[in-house]
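Q: Sharing coords-v2.cif here; it has mmCIF, C-alpha atoms and all ligand atoms.
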```
data_entry
loop_
_atom_site.label_atom_id
_atom_site.label_comp_id
_atom_site.auth_asym_id
_atom_site.auth_seq_id
_atom_site.Cartn_x
_atom_site.Cartn_y
_atom_site.Cartn_z
CA MET G 1 6.68 18.67 4.41
CA THR G 2 3.73 21.01 4.38
CA GLU G 3 2.60 22.77 7.55
CA SER G 4 0.01 20.95 9.70
CA ALA G 5 -3.38 22.14 8.39
CA THR G 6 -5.05 21.66 11.77
CA LEU G 7 -2.45 23.64 13.69
CA LYS G 8 -2.29 26.30 10.97
CA MET G 9 -6.05 26.92 11.17
CA ALA G 10 -5.97 26.91 14.98
CA GLN G 11 -3.22 29.54 14.88
CA LYS G 12 -5.20 31.65 12.42
CA SER G 13 -8.23 31.54 14.76
CA ARG G 14 -6.05 32.58 17.73
CA GLU G 15 -4.63 35.51 15.78
CA MET G 16 -8.05 36.65 14.53
CA ARG G 17 -9.40 36.48 18.09
CA ALA G 18 -6.41 38.41 19.42
CA ALA G 19 -7.24 41.05 16.80
CA GLY G 20 -10.73 41.36 18.33
CA LYS G 21 -12.68 39.19 15.82
CA ASP G 22 -15.51 37.00 17.06
CA ILE G 23 -14.47 33.49 15.97
CA VAL G 24 -16.09 30.17 16.86
CA ASP G 25 -13.21 27.75 16.57
CA LEU G 26 -14.17 24.27 15.39
CA SER G 27 -10.77 23.72 13.78
CA LEU G 28 -8.75 22.03 16.47
CA GLY G 29 -9.41 18.52 17.76
CA GLU G 30 -8.97 19.37 21.40
CA PRO G 31 -11.34 18.47 24.27
CA ASP G 32 -12.88 21.60 25.82
CA GLN G 33 -13.30 20.15 29.32
CA ASP G 34 -10.76 20.27 32.17
CA PRO G 35 -8.54 17.27 32.86
CA PRO G 36 -9.57 15.05 35.80
CA ALA G 37 -8.57 16.46 39.20
CA PHE G 38 -6.47 13.39 39.99
CA ALA G 39 -4.21 14.12 37.01
CA ILE G 40 -3.46 17.63 38.23
CA GLU G 41 -2.90 16.29 41.77
CA ALA G 42 -0.44 13.73 40.36
CA ALA G 43 1.50 16.56 38.72
CA GLN G 44 1.53 18.60 41.92
CA GLN G 45 2.65 15.60 43.92
CA ALA G 46 5.42 14.80 41.43
CA ILE G 47 6.73 18.37 41.56
CA GLY G 48 6.56 18.29 45.39
CA GLU G 49 8.56 15.05 45.52
CA ASN G 50 11.43 16.90 43.89
CA LYS G 51 12.85 13.72 42.37
CA TRP G 52 11.60 13.77 38.79
CA ASN G 53 13.82 16.58 37.58
CA LYS G 54 16.59 14.70 35.78
CA TYR G 55 16.68 13.12 32.33
CA PRO G 56 14.22 10.23 32.39
CA PRO G 57 15.14 6.97 30.61
CA VAL G 58 14.71 7.53 26.85
CA MET G 59 11.87 4.98 26.59
CA GLY G 60 10.05 6.27 29.69
CA TYR G 61 10.11 5.40 33.39
CA MET G 62 9.89 1.65 33.82
CA ASP G 63 6.98 1.81 36.29
CA LEU G 64 5.00 3.84 33.76
CA ARG G 65 5.81 1.37 30.98
CA ALA G 66 4.62 -1.44 33.26
CA ALA G 67 1.39 0.47 34.01
CA ILE G 68 0.81 1.00 30.27
CA SER G 69 1.43 -2.70 29.65
CA GLU G 70 -1.35 -3.42 32.21
CA LYS G 71 -3.64 -0.85 30.59
CA PHE G 72 -3.23 -2.52 27.19
CA LYS G 73 -4.20 -5.86 28.77
CA ARG G 74 -7.07 -4.44 30.81
CA ASP G 75 -8.72 -2.31 28.12
CA ASN G 76 -7.62 -3.76 24.80
CA GLY G 77 -6.71 -7.44 25.25
CA LEU G 78 -3.16 -6.61 24.07
CA HIS G 79 -0.32 -8.45 25.76
CA TYR G 80 2.67 -6.16 25.27
CA ALA G 81 5.37 -6.69 27.92
CA PRO G 82 6.68 -3.52 29.66
CA GLU G 83 9.81 -3.81 27.44
CA GLU G 84 7.49 -3.57 24.45
CA VAL G 85 6.11 -0.21 25.55
CA MET G 86 7.61 3.21 24.89
CA VAL G 87 6.57 6.70 26.00
CA SER G 88 6.97 9.80 23.81
CA THR G 89 6.12 13.49 23.55
CA GLY G 90 2.56 12.98 22.31
CA ALA G 91 1.08 10.30 20.08
CA LYS G 92 2.29 12.46 17.20
CA GLN G 93 5.90 11.78 18.14
CA SER G 94 5.13 8.13 18.86
CA ILE G 95 3.93 7.71 15.27
CA MET G 96 6.83 9.70 13.80
CA ASN G 97 9.38 7.55 15.67
CA VAL G 98 7.83 4.36 14.33
CA ILE G 99 7.58 5.57 10.74
CA ILE G 100 11.22 6.67 10.81
CA ALA G 101 12.12 3.28 12.29
CA LEU G 102 10.20 1.27 9.68
CA ALA G 103 10.13 3.19 6.40
CA GLY G 104 12.48 5.05 4.11
CA PRO G 105 13.13 5.85 0.44
CA GLY G 106 11.67 3.18 -1.86
CA ASP G 107 9.16 2.00 0.75
CA GLU G 108 5.41 2.55 0.67
CA VAL G 109 3.00 3.20 3.49
CA VAL G 110 -0.65 2.44 2.77
CA ILE G 111 -3.07 4.92 4.33
CA PRO G 112 -6.85 4.56 4.01
CA ALA G 113 -8.35 7.98 3.26
CA PRO G 114 -9.60 10.20 4.74
CA PHE G 115 -6.73 10.16 7.24
CA TRP G 116 -5.30 12.39 9.94
CA VAL G 117 -3.23 15.18 8.32
CA SER G 118 0.10 14.34 9.91
CA TYR G 119 0.27 10.75 8.62
CA ALA G 120 0.99 11.77 5.04
CA GLU G 121 3.59 14.37 5.93
CA GLN G 122 5.35 12.15 8.45
CA VAL G 123 5.68 9.42 5.82
CA ARG G 124 7.00 11.90 3.24
CA PHE G 125 9.54 13.17 5.76
CA THR G 126 11.20 9.71 5.81
CA GLY G 127 11.46 9.61 2.00
CA ALA G 128 8.87 6.82 1.82
CA THR G 129 5.77 7.19 -0.36
CA PRO G 130 2.29 7.41 1.13
CA VAL G 131 -0.22 5.38 -0.89
CA PHE G 132 -3.76 6.56 -0.26
CA VAL G 133 -6.83 4.39 -0.60
CA PRO G 134 -9.75 6.77 -1.09
CA SER G 135 -13.31 6.28 0.09
CA THR G 136 -16.58 8.15 -0.26
CA LEU G 137 -19.23 9.50 2.05
CA GLU G 138 -21.55 6.73 0.78
CA GLU G 139 -18.96 4.20 2.02
CA ASP G 140 -19.03 5.91 5.43
CA TYR G 141 -15.51 7.12 4.59
CA LYS G 142 -14.14 3.59 5.03
CA PRO G 143 -12.48 2.09 1.95
CA PRO G 144 -13.67 -1.51 1.53
CA ILE G 145 -10.95 -3.92 2.70
CA HIS G 146 -10.52 -5.44 -0.79
CA ARG G 147 -9.51 -1.99 -2.03
CA ILE G 148 -6.93 -1.66 0.74
CA ALA G 149 -5.65 -5.15 -0.15
CA LYS G 150 -5.13 -4.04 -3.77
CA ALA G 151 -2.92 -1.14 -2.67
CA ILE G 152 -0.46 -3.44 -0.84
CA THR G 153 2.65 -4.44 -2.80
CA PRO G 154 6.02 -5.99 -1.89
CA ARG G 155 7.22 -2.41 -1.26
CA THR G 156 4.59 -1.78 1.43
CA ARG G 157 6.19 -1.63 4.86
CA VAL G 158 3.33 -0.21 6.91
CA LEU G 159 -0.44 0.09 6.93
CA LEU G 160 -1.41 3.17 8.95
CA TYR G 161 -4.89 4.13 10.15
CA SER G 162 -6.86 5.42 13.11
CA SER G 163 -10.14 3.99 14.39
CA PRO G 164 -12.18 5.85 15.54
CA THR G 165 -10.99 7.91 12.61
CA ASN G 166 -9.90 11.49 12.57
CA PRO G 167 -11.35 13.30 10.47
CA SER G 168 -14.53 11.31 9.70
CA GLY G 169 -15.49 9.75 13.03
CA SER G 170 -15.84 6.37 11.27
CA VAL G 171 -15.17 3.25 13.32
CA LEU G 172 -13.91 -0.10 12.01
CA THR G 173 -16.05 -3.03 13.16
CA GLN G 174 -14.60 -6.27 14.51
CA ALA G 175 -15.56 -7.99 11.23
CA GLU G 176 -13.70 -5.33 9.22
CA LEU G 177 -10.64 -5.60 11.48
CA GLU G 178 -10.62 -9.38 11.03
CA GLU G 179 -10.83 -9.00 7.26
CA LEU G 180 -8.00 -6.47 7.37
CA ALA G 181 -5.90 -8.73 9.61
CA ALA G 182 -6.32 -11.60 7.14
CA VAL G 183 -4.92 -9.34 4.39
CA VAL G 184 -1.96 -8.22 6.54
CA LEU G 185 -1.09 -11.79 7.55
CA LYS G 186 -0.61 -12.68 3.86
CA TRP G 187 2.36 -10.27 3.69
CA PRO G 188 5.23 -11.27 5.98
CA GLY G 189 7.02 -8.16 7.23
CA LEU G 190 4.06 -5.83 6.71
CA MET G 191 3.40 -3.91 9.94
CA VAL G 192 0.25 -2.11 11.07
CA ILE G 193 0.23 1.16 12.99
CA SER G 194 -3.13 1.25 14.74
CA ASP G 195 -3.79 4.70 16.19
CA GLU G 196 -6.34 4.24 18.98
CA ILE G 197 -6.21 7.66 20.59
CA TYR G 198 -10.03 8.00 20.38
CA GLU G 199 -10.71 4.57 21.90
CA HIS G 200 -13.02 5.93 24.61
CA ILE G 201 -15.24 7.86 22.22
CA VAL G 202 -17.26 5.20 20.39
CA PHE G 203 -21.05 5.61 20.12
CA ASP G 204 -22.19 2.12 19.11
CA GLY G 205 -20.54 -1.01 20.45
CA THR G 206 -17.04 -0.94 21.87
CA HIS G 207 -13.62 -0.07 20.56
CA ARG G 208 -11.62 -3.02 19.20
CA SER G 209 -7.86 -3.37 18.67
CA ILE G 210 -6.49 -5.15 15.61
CA GLY G 211 -3.50 -6.32 17.68
CA ALA G 212 -5.84 -8.53 19.76
CA ILE G 213 -6.67 -10.69 16.71
CA PRO G 214 -4.66 -13.96 16.75
CA GLY G 215 -1.32 -13.58 14.98
CA MET G 216 -1.52 -9.77 14.86
CA LEU G 217 0.26 -8.67 18.05
CA GLU G 218 3.68 -9.29 16.45
CA ARG G 219 2.56 -7.20 13.48
CA THR G 220 0.96 -4.29 15.29
CA ILE G 221 2.18 -1.05 16.78
CA THR G 222 -0.68 0.25 18.92
CA VAL G 223 -0.62 4.00 19.53
CA ASN G 224 -2.40 5.85 22.30
CA GLY G 225 -1.94 8.86 24.60
CA LEU G 226 -3.38 11.26 27.15
CA SER G 227 -4.57 14.04 24.85
CA LYS G 228 -8.13 12.96 24.08
CA ALA G 229 -9.21 10.66 26.94
CA PHE G 230 -7.83 12.88 29.70
CA ALA G 231 -8.00 16.29 28.02
CA LEU G 232 -4.26 16.65 28.58
CA THR G 233 -3.20 17.87 25.13
CA GLY G 234 -0.67 20.30 26.58
CA TRP G 235 1.23 17.76 28.67
CA ARG G 236 2.31 16.01 25.46
CA ILE G 237 2.34 12.32 26.39
CA GLY G 238 1.78 9.51 23.89
CA TYR G 239 2.85 5.90 23.93
CA ILE G 240 3.11 2.72 21.89
CA GLY G 241 2.96 -0.99 22.43
CA ALA G 242 5.03 -2.75 19.75
CA PRO G 243 7.23 -5.74 19.05
CA LYS G 244 10.56 -5.34 20.83
CA ALA G 245 12.62 -4.75 17.68
CA VAL G 246 10.36 -1.84 16.73
CA VAL G 247 10.55 -0.35 20.22
CA GLN G 248 14.33 -0.62 20.14
CA ALA G 249 14.53 1.13 16.78
CA ALA G 250 12.09 3.84 17.96
CA ASN G 251 14.25 4.24 21.06
CA LYS G 252 17.25 5.08 18.87
CA VAL G 253 15.24 7.70 17.02
CA GLN G 254 13.87 9.25 20.20
CA GLY G 255 17.30 9.23 21.84
CA GLN G 256 18.57 11.44 19.05
CA PHE G 257 15.51 13.70 18.78
CA THR G 258 14.18 14.49 22.26
CA SER G 259 15.97 12.24 24.83
CA GLY G 260 12.52 11.19 26.08
CA ALA G 261 9.27 12.66 27.36
CA ASN G 262 8.90 15.22 30.15
CA GLY G 263 9.40 13.57 33.57
CA ILE G 264 6.56 15.28 35.48
CA ALA G 265 4.14 14.57 32.62
CA GLN G 266 5.14 10.90 32.82
CA ARG G 267 4.08 10.81 36.49
CA VAL G 268 0.72 12.24 35.41
CA ALA G 269 0.53 9.57 32.71
CA LYS G 270 1.00 6.82 35.30
CA ALA G 271 -1.95 8.13 37.33
CA CYS G 272 -4.06 8.32 34.16
CA VAL G 273 -3.41 4.83 32.80
CA GLU G 274 -3.90 3.33 36.28
CA ALA G 275 -7.27 5.10 36.75
CA ASP G 276 -10.46 3.06 36.43
CA PRO G 277 -11.54 3.34 32.77
CA ALA G 278 -15.15 3.57 34.00
CA LEU G 279 -14.28 7.18 34.86
CA LEU G 280 -14.15 7.87 31.14
CA HIS G 281 -17.56 6.45 30.29
CA GLY G 282 -19.12 9.92 30.53
CA LEU G 283 -17.13 11.03 27.47
CA ARG G 284 -19.28 8.90 25.21
CA GLU G 285 -22.52 10.57 26.36
CA VAL G 286 -21.11 14.09 26.09
CA TYR G 287 -19.84 13.62 22.56
CA LEU G 288 -22.87 11.66 21.40
CA ARG G 289 -25.13 14.55 22.40
CA ARG G 290 -22.85 16.99 20.63
CA ARG G 291 -22.69 14.81 17.53
CA ASP G 292 -26.47 14.90 17.30
CA LEU G 293 -26.51 18.66 17.88
CA VAL G 294 -23.94 19.31 15.18
CA LEU G 295 -25.77 17.03 12.71
CA GLU G 296 -29.07 18.80 13.46
CA GLY G 297 -27.41 22.17 12.91
CA LEU G 298 -25.65 21.12 9.70
CA ALA G 299 -28.95 19.84 8.28
CA HIS G 300 -29.83 23.54 7.85
CA VAL G 301 -26.72 24.33 5.79
CA PRO G 302 -27.92 24.36 2.18
CA GLY G 303 -26.31 21.66 0.01
CA TRP G 304 -23.98 20.17 2.63
CA ARG G 305 -24.21 16.40 3.00
CA CYS G 306 -23.07 14.71 6.21
CA ASN G 307 -21.79 11.35 7.31
CA LYS G 308 -23.01 10.03 10.67
CA PRO G 309 -19.90 9.69 12.83
CA GLN G 310 -19.71 6.64 15.08
CA GLY G 311 -16.87 7.90 17.25
CA ALA G 312 -14.21 10.58 17.96
CA PHE G 313 -15.44 14.19 17.84
CA TYR G 314 -15.34 15.18 14.19
CA VAL G 315 -17.76 15.38 11.30
CA LEU G 316 -16.77 15.69 7.64
CA PRO G 317 -19.54 17.18 5.51
CA ASP G 318 -19.29 17.08 1.72
CA VAL G 319 -19.39 20.72 0.65
CA SER G 320 -19.18 20.28 -3.14
CA ALA G 321 -22.41 22.26 -3.54
CA SER G 322 -20.72 25.33 -2.00
CA LEU G 323 -17.67 25.26 -4.26
CA THR G 324 -18.80 27.90 -6.69
CA GLY G 325 -17.34 31.03 -8.29
CA LYS G 326 -14.06 32.00 -6.63
CA LEU G 327 -14.40 29.25 -4.03
CA ARG G 328 -12.81 26.41 -5.98
CA THR G 329 -11.47 24.19 -3.19
CA SER G 330 -12.46 23.32 0.34
CA ALA G 331 -9.46 25.40 1.49
CA ASP G 332 -10.92 28.46 -0.29
CA LEU G 333 -14.26 27.78 1.40
CA ALA G 334 -12.70 27.32 4.87
CA LEU G 335 -10.89 30.64 4.46
CA HIS G 336 -14.09 32.36 3.31
CA LEU G 337 -16.02 30.96 6.29
CA VAL G 338 -13.51 32.05 8.91
CA GLU G 339 -13.32 35.53 7.41
CA HIS G 340 -17.00 36.10 6.64
CA ALA G 341 -18.88 33.85 9.08
CA GLY G 342 -16.39 33.80 11.96
CA VAL G 343 -16.34 29.99 12.02
CA SER G 344 -13.04 28.21 11.83
CA LEU G 345 -12.93 24.76 10.15
CA VAL G 346 -10.19 22.71 8.46
CA ASP G 347 -10.29 21.96 4.74
CA GLY G 348 -10.69 18.32 3.76
CA ASP G 349 -7.92 18.32 1.14
CA SER G 350 -5.33 18.00 3.89
CA PHE G 351 -7.08 14.86 5.13
CA GLY G 352 -7.22 13.27 1.69
CA ALA G 353 -10.91 14.15 1.39
CA PRO G 354 -11.34 16.84 -1.29
CA ASN G 355 -14.66 18.72 -1.33
CA THR G 356 -15.16 18.28 2.40
CA VAL G 357 -14.46 20.35 5.51
CA ARG G 358 -13.79 19.00 8.99
CA LEU G 359 -15.61 20.33 12.06
CA SER G 360 -14.44 19.41 15.54
CA TYR G 361 -17.39 19.34 17.93
CA ALA G 362 -15.27 19.10 21.07
CA THR G 363 -16.82 22.34 22.22
CA SER G 364 -19.89 23.56 24.12
CA ASP G 365 -23.48 23.00 22.97
CA ALA G 366 -23.95 26.77 22.76
CA LEU G 367 -20.95 27.23 20.47
CA ILE G 368 -22.05 24.31 18.28
CA ALA G 369 -25.47 25.94 17.90
CA GLU G 370 -23.93 29.35 17.14
CA ALA G 371 -21.42 27.93 14.65
CA THR G 372 -23.97 25.91 12.69
CA LYS G 373 -26.35 28.90 12.59
CA ARG G 374 -23.58 31.10 11.18
CA LEU G 375 -22.61 28.43 8.65
CA ALA G 376 -26.20 28.06 7.46
CA GLU G 377 -26.51 31.84 6.93
CA ALA G 378 -23.12 32.22 5.25
CA VAL G 379 -23.60 29.28 2.90
CA ALA G 380 -27.12 30.40 1.97
CA GLY G 381 -25.54 33.70 0.91
CA LEU G 382 -22.97 32.14 -1.47
CA PRO G 383 -23.51 32.63 -5.21
CA LYS G 384 -25.37 29.70 -6.80
CA ASN G 385 -23.78 27.42 -9.40
N1 LIG Z 1 -3.60 10.62 16.22
C1 LIG Z 1 -4.76 11.19 15.89
C2 LIG Z 1 -5.72 10.42 15.06
C3 LIG Z 1 -5.06 12.49 16.33
O1 LIG Z 1 -6.22 13.04 16.01
C4 LIG Z 1 -4.10 13.20 17.07
C5 LIG Z 1 -4.38 14.63 17.43
N2 LIG Z 1 -4.29 14.90 18.70
C6 LIG Z 1 -2.91 12.55 17.42
C7 LIG Z 1 -2.68 11.27 16.96
C8 LIG Z 1 -1.81 13.22 18.20
O2 LIG Z 1 -2.09 13.34 19.52
P1 LIG Z 1 -1.04 13.91 20.57
O3 LIG Z 1 -1.65 15.13 21.12
O4 LIG Z 1 -0.91 12.82 21.60
O5 LIG Z 1 0.25 14.15 19.86
N1 LIG Z 2 -5.16 15.99 16.37
C1 LIG Z 2 -5.87 17.22 16.57
C2 LIG Z 2 -6.57 17.60 15.28
O1 LIG Z 2 -6.62 16.82 14.37
C3 LIG Z 2 -4.96 18.27 17.13
C4 LIG Z 2 -4.08 19.00 16.15
C5 LIG Z 2 -3.02 18.14 15.59
O2 LIG Z 2 -2.23 17.64 16.38
O3 LIG Z 2 -3.08 17.94 14.38
O4 LIG Z 2 -7.11 18.67 15.23
#
```
Here is a file; write its structure as C-alpha cells.
Ligand code: PMP
Ligand code: GLU
A:
Amino acid sequence: MTESATLKMAQKSREMRAAGKDIVDLSLGEPDQDPPAFAIEAAQQAIGENKWNKYPPVMGYMDLRAAISEKFKRDNGLHYAPEEVMVSTGAKQSIMNVIIALAGPGDEVVIPAPFWVSYAEQVRFTGATPVFVPSTLEEDYKPPIHRIAKAITPRTRVLLYSSPTNPSGSVLTQAELEELAAVVLKWPGLMVISDEIYEHIVFDGTHRSIGAIPGMLERTITVNGLSKAFALTGWRIGYIGAPKAVVQAANKVQGQFTSGANGIAQRVAKACVEADPALLHGLREVYLRRRDLVLEGLAHVPGWRCNKPQGAFYVLPDVSASLTGKLRTSADLALHLVEHAGVSLVDGDSFGAPNTVRLSYATSDALIAEATKRLAEAVAGLPKN
C-alpha cells in the first residue's frame, strides 16, 4: 500500500506549522466546528457511569446497533435489522472490514473515479484489483453509468463509491442510482458498498441511498459514521448496514484486528444517531456558503477550471494550465504551493484524478478567502507554458 495522501499532507502541514510557518491547511477533510454539546455530555455521562470500561461486543453494543437500525429507517428508507448492523473504528475501518470480507486475489472491485484515496489502497491490500472508471470535469466527475457497466465482469465482486463524493463533491441523482441498480441487479453476487458519510451535506435536493431501491438492500453495504455529520473525527466511530452474511464475515475480521470500537465512543454514537436529524440541517447552509466563497476565490486563479460541487466539502479544480516547467504533476504543484504559498492541498493523482488538486473548504470564511488569494498570487507567478 502507499501512504494515505490526505493524512500525509495533513501531517506535513502540522510539521510546517510547528516549525513556525504560516500555513492555511485545506488538505484534510475535517469539519472545523465543535461537535454538538449533547455528544460531549453523552461521553461525560458514560465515563461517570463507570460501566463502559470492558471489552464491548465485537460488533458493537446491541442497543447502539438497534439505534443505528432505526436511523437507517428514519433517514434513508433502509430496513437493516439490528443484527445487520456493525460498529467499527471509523468508516475507514468499516470499509476495510467489508473489502477484506468480500474480495481477494483474482477478484476485481470497480471504483468510479475520482474516488476517495483509501478505496484503492484498501482493495490492493486484500490482493484484489481495483478497476477504475474515469470521468472528466465536463461530466461533473461522474462516469456515465454505461461506462461503469462496461467495467463489470464475472470477476467483479464489489462496486465501491461515495455519494456525495469525496473528492469532487458530485452527487448521484435518484435517476442515476436507479440506472446503476439496474446494472448491479444483472450480476448475481455483485455487491455495492455505498459510502454515505456526507449524507447531510447535499446542496440541491436530498441524499438518496441505493439500498432503498427495490431489490438492492440484499446487495448493498451502506457505510456511515460520526466524523462528518457530528464533527467527531477523533472519536473514530463508523458503522455499516449489510446483509447478515457480510456482517458476520466483517465481524470475524474485526474480531482479529481491533476486538471492536471504543466503548465510550459507542455511547456517544448512540446519542448522535438518536438525535433529531433536523439538528444537522444547518450544515447544508454553512457549507453552501463556503462552496460559493471558494468558487468565487478560485475564479481568480489563472487557468484553473472548477467543477460546481453539489455536496460534501471539497472542490477539485483542473490545474493542467499550471503544470509547467519543473511542476509536472499535481503532486509537484501541491508541494510547490505549500512551500511557496503556504496553502496545503492534496494532489488529485491519489484520487484517480490526474491534473487536479483537492481543496477541503471545511474551514472558516476568512481562511478560505486568504487561501484563494494566496493561490491566485502564487499561480500567477508560475512560469508560462
Ligand atoms: N469515506 C469517505 C468518503 C471519507 O471522506 C472519509 C474521511 N473521513 C471516510 C470514509 C472515513 O471516515 P472516518 O473518519 O469515519 O474513518
Ligand atoms: N476523509 C478525510 C479526507 O479525505 C480525512 C482523511 C482521511 O481519512 O483520508 O481528507
Q: For ligand LIG 1 (chain Z), collect every residue having any atom at a distance of at most 8 Å from a ligand atom (counting all atoms listed in the file); output as an MDAnalysis selection string.
A: chainID G and resid 29:30 89:95 115:116 162:167 195:198 223:228 233:234 236:238
Q: By how many Å are atom N1 of ligand LIG 2 (chain Z) and CA of Ala10 in chain G apart?
A: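 Atom-to-atom, atom N1 of ligand LIG 2 (chain Z) and CA of Ala10 in chain G are spaced 11.0 Å apart.
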Q: Rounded to one decimal, what separation in Å do you get between CA of Arg208 in chain G and CA of Val85 in chain G?
A: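 CA of Val85 in chain G lies 19.0 Å from CA of Arg208 in chain G.
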Q: Between G:Met9, G:Val273, G:Ile68, G:Leu298, which residue has the minimum interatomic distance to ligand LIG 2 (chain Z), considering only C-alpha atoms and all ligand atoms?
A: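 Looking only at the distances to ligand LIG 2 (chain Z), the closest residue turns out to be G:Met9.
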Q: So which one's closest to ligand LIG 2 (chain Z), G:Ala231, G:Ala380, G:Val24, G:Leu279? Using all atoms listed in the file, please.
A: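 Among the listed residues, the smallest separation from ligand LIG 2 (chain Z) belongs to G:Ala231.
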Q: Distance CA of Val294 in chain G-atom N1 of ligand LIG 2 (chain Z), one decimal place?
A: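 Result for CA of Val294 in chain G versus atom N1 of ligand LIG 2 (chain Z): 19.1 Å, one decimal.
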Q: Out of G:Gly169, G:Gly303, G:Pro56, G:Pro112, which residue has the shortest atom-to-atom distance to ligand LIG 2 (chain Z) when counting all atoms listed in the file?
A: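 Among G:Gly169, G:Gly303, G:Pro56, G:Pro112, it is G:Gly169 that comes nearest to ligand LIG 2 (chain Z).
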Q: Which residues come within 8 Å of range 178-185 of chain G, counting only C-alpha atoms, excluding same-chain residues fewer than 4 positions away, as JSON, numbers by chain?
A: {"G": [145, 149, 174, 190, 191, 192, 210, 213, 215, 216]}
Q: Taking the point (-27.8, 24.4, 21.8) as given in the file, collect each protein or nucleic acid residue that comes within 12 Å of it, counting only C-alpha atoms, and present the set as a list in words.
A: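 Residues with an atom close enough to that point: Arg289, Arg290, Arg291, Asp292, Leu293, Val294, Leu295, Glu296, Gly297, Thr363, Ser364, Asp365, Ala366, Leu367, Ile368, Ala369, Glu370, Ala371, Thr372 and Lys373 of chain G.
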Q: Using all atoms listed in the file, can you tell me which of G:Leu28, G:Ala103, G:Ala334, G:Ala42 comes closest to ligand LIG 2 (chain Z)?
A: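 Closest to ligand LIG 2 (chain Z), using all atoms listed in the file: G:Leu28.
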Q: Hey, could you make a per-residue contact list for range 41-128 of chain G against range 150-158 of chain G with 6 Å as the cut-off, showing the nearest pair of atoms and its distance in Å to one decimal, counting all atoms listed in the file, sorted by chain and number, as JSON lines?
A:
```
{"residue": "G:Asp107", "atom": "CA", "partner": "G:Arg155", "partner_atom": "CA", "distance": 5.2}
{"residue": "G:Glu108", "atom": "CA", "partner": "G:Thr156", "partner_atom": "CA", "distance": 4.5}
{"residue": "G:Val109", "atom": "CA", "partner": "G:Val158", "partner_atom": "CA", "distance": 4.8}
```
Q: As JSON, numbers by chain, please: the residues near Asp22 in chain G (cut-off 8 Å, only C-alpha atoms, same-chain neighbours under 3 positions excluded).
A: {"G": [16, 17, 342]}
Q: Can I get a file of range 17-34 of chain G from the given structure, C-alpha atoms kept, as a compact mmCIF listing (two decimals), in the first residue's frame?
A:
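Written output follows (result.txt):
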```txt
# COMPACT_ATOMS: atom_id res chain seq x y z
CA ARG G 17 3.22 24.98 11.34
CA ALA G 18 5.16 23.57 14.30
CA ALA G 19 8.29 24.92 12.60
CA GLY G 20 6.72 28.40 12.64
CA LYS G 21 5.47 28.54 9.01
CA ASP G 22 2.18 30.27 8.24
CA ILE G 23 0.12 27.52 6.55
CA VAL G 24 -3.55 27.61 5.58
CA ASP G 25 -4.49 23.95 5.65
CA LEU G 26 -7.13 22.94 3.11
CA SER G 27 -5.76 19.40 2.88
CA LEU G 28 -7.75 17.47 5.42
CA GLY G 29 -11.46 16.73 5.11
CA GLU G 30 -12.31 17.52 8.69
CA PRO G 31 -15.14 19.78 9.92
CA ASP G 32 -13.77 22.88 11.69
CA GLN G 33 -16.73 23.34 14.04
CA ASP G 34 -17.14 21.83 17.53
```
